[in-house]
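S.K.: Take a look at this one; I'll ask things after.
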Amino acid sequence: MNARQRTFFGQARRGMALPMVIVILLVLSASFVGGVALARGERALDDAGKTGVLAQTYAESGLQRVIGDRGGLGLGGVPGASDSVRVTFSGGYYDVTTTRLRAAVGTTVPGLYFLRSHAVITRGGVAGAPSAEYTVTQLAVWINGTMMVQSALTSVNGTDKAGAAGVISGADNCPVASGGTNDTLPAVAVPTLASDGGPGYDGSLAPLTGDPKVSYLGATPAAAAAASPIQWQGIYDGTSITADYTVDWQGVAIAPDTLNFPSDAWFTANPTVFPVIHVKNGPPNAGTEFVLEIFGRGLLIIQDDIRLNGNNAGWDGIILVGGRLRTNGSNRVSGATVSGLNTQLGYTPAPSDINDLNGTKQFLYNSCNVKSATAAMGKLRVYKNTWSNIYKTF
Amino acid sequence: MTPDSRRARRGFSLIELIITLVLVSIIGVASGRLLMSQTRFYSRLSAQRDARSVTRNARNIVQTELAMVEAGGGVVAASNDSITVRMPYAWGVYCAGGTVLRLPVDSAMYAMASLAGYAIKDTTTAGVYAYTATTTAPTAGTATDCTTTAGITAPTDGAYLSLSPSPTGTAGAPVLLYQLITYKFAASGLVSGKLGLFRRVGTGAAEELVAPFDTTAMFRYYNLYADTAQTTVPTLTNIRGVELKLDAQSINRSSGQSAPESASIRTAIFFRNRTDT
């Protein structure tokens, strides 16, 4: 025993320091463990509450999106028998499902749909915590899009009609029994004066049937464009209407069948389908003319000029043309036609941009074909009082 | 080192023992107080957590169900300590010939439900539900009333039901099956002297969901077009939501406390199914 191991009593110490330290450490450790367990439990409760609310919020968000912005979810057109999309976000996802209960019957009975949005929150603050889930549902019907039709053939750029053959009629060509309106619109709607200084409609009145036969939209093409109910910029750009087919056409003289354009055979095989076809043959006033030589249907959007060429050419539905419309041969359009819409974009039609109708052609207003062509631009309208949170995935 | 000196080091002197006992006592008392303090702290936090759990559980249960109530005719009776509602437990659409397409629903909830009636929505005018009271269980409906006559097809896990009395309506009109649910604050059977929140289906036995609550816990109501809840019960058809005033308490007093811990929340539950939105 050296001097350091001696106390003032001169003897070795066998103190209580170590046992006491151990006891105190045990007490403190127990308190710490208890505190941690308590905090963990509290946090788990808080997290459960938060993620539950989050799941509910996202489920609601999914439901609202499918109601108001199907296009934004990548779901275009009239919903089919069933479609579904998953939206993933940080810490979870939601699935939005649209199930058709009843298909639309004609234009009078709308399609009935069952909407379901199921959100899952996978982000949990405490390890091992289960995912929070929530499902909401609602019933909805599909309301078709509409178009305000001003006449059977509306031309902001003016129309020259050669000869007295053919029919341009604003009388609804769709029978009432088939859902027609029995309305009689103007046969043609034009500016008072076309860009060449001549009459907006220059030609024989004999082919015209309507009330009135000629409707004047304004003194000039610009005034007529301002009076148009069509918002052409978004349609021209392809942002306001989602196309089923987009066709790049830059004046190459080839048949549409070889492009991304539905063929004769396709239209025959799908007699009730009215696709949206966007022909990109702009820029405006460049004179790039798309040539249609088959009989199709749907909503046809032409950025610049179009020519209906030959006796087989024709269309059931709507044709929206940015530039000029030319026709050769005995062709027919049944629905509604509007041309010269690039005037809305600030382009003034040249005298050579006036519509040029040759041959025995028919431009007929048909409300049923218009409805069919705009159906895909409709939206879901919920049945109020049908919200539910008791779907089976609970 | 001599034998004498070795003998002298055996054992402790009286002074050493006294000093040791004093030190041990001081440390022991300090440790005991620390332990007691920690225990009380833990106990109090635990009690507070219990109280908060009571409020949360009550809110979650009631919120899930009440959100679906149809505002126009969903509330059957209301007071500050209870509310009775027609609670939808299955949804569907009317087809034809008295057959209804029932949409997919939580199977456990459907099996446990006690039918009190059905309601069918008027799709042609104001879009309100017409309620029909019945306790006759639905039977299998005629599928062709939906698929052929009305052109309505059941999705996966849907079903065709026949209701009695037979409903009439427009094909595609929404239909709901409901049970009567009563929520009530009443004397708790679990915690003496406190209130509990009870849920009763139809005329069955009331089930105590959570407890204890202070006597100030109550239902308050949102009247039509009002943005604040009121204690006075509005006309039943004008009730658009419920404010739950949940003044919960812990079951036990924590150590050193003279009263249970409290946790109070007020939560608004608005009826999602209403025609005036």
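Ordered as shown in the structure tokens, chains take letters A, B, and onward, while each chain numbers its residues from 1 and ligands are numbered from 1 in the order shown.
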Counting only C-alpha atoms, which residues in chain B sit no more than 6 Å from chain A? For each one, give the nearest pair of atoms and the distance in Å, sorted by chain then residue number, as a tab-separated table.
M.R.:
residue	atom	partner	partner_atom	distance
B:Met68	CA	A:Ser388	CA	5.9
B:Pro104	CA	A:Lys392	CA	5.9
B:Val105	CA	A:Lys392	CA	4.3
B:Asp106	CA	A:Lys392	CA	3.6
B:Gly151	CA	A:Arg102	CA	5.7
B:Ile152	CA	A:Arg102	CA	4.5
B:Thr153	CA	A:Leu101	CA	5.1
B:Asn273	CA	A:Asn385	CA	3.9
B:Arg274	CA	A:Asn385	CA	5.4
S.K.: Quick one: residues within 12 Å of Ser31 in chain B, only C-alpha atoms, excluding same-chain residues fewer than 2 positions away - as a list in words?
M.R.: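 Counting only C-alpha atoms, the residues come to Met20, Val21, Ile22, Val23, Ile24, Leu25, Leu26, Val27, Leu28 and Ser31 of chain A; Val24, Ser25, Ile26, Ile27, Gly28, Val29, Arg33, Leu34, Leu35, Met36, Ser37 and Gln38 of chain B.
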S.K.: Going by DSSP on the backbone, which bits of range 62-138 of chain B are strand (DSSP E)? Write them as an NGL selection string, please.
M.R.: :B and (75-78 or 82-94 or 99-102 or 117-121 or 129-133)
S.K.: Name the closest residue to Glu243 in chain B among the candidates B:Arg59, B:Arg86, B:Arg102, B:Arg44; distances are taken between atoms, counting only C-alpha atoms.
M.R.: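 Using only C-alpha atoms, Glu243 in chain B sits closest to B:Arg59.
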S.K.: When you draw a straight line from CA of Arg307 in chain A to CA of Leu292 in chain A, how long is it in Å?
M.R.: 6.1 Å
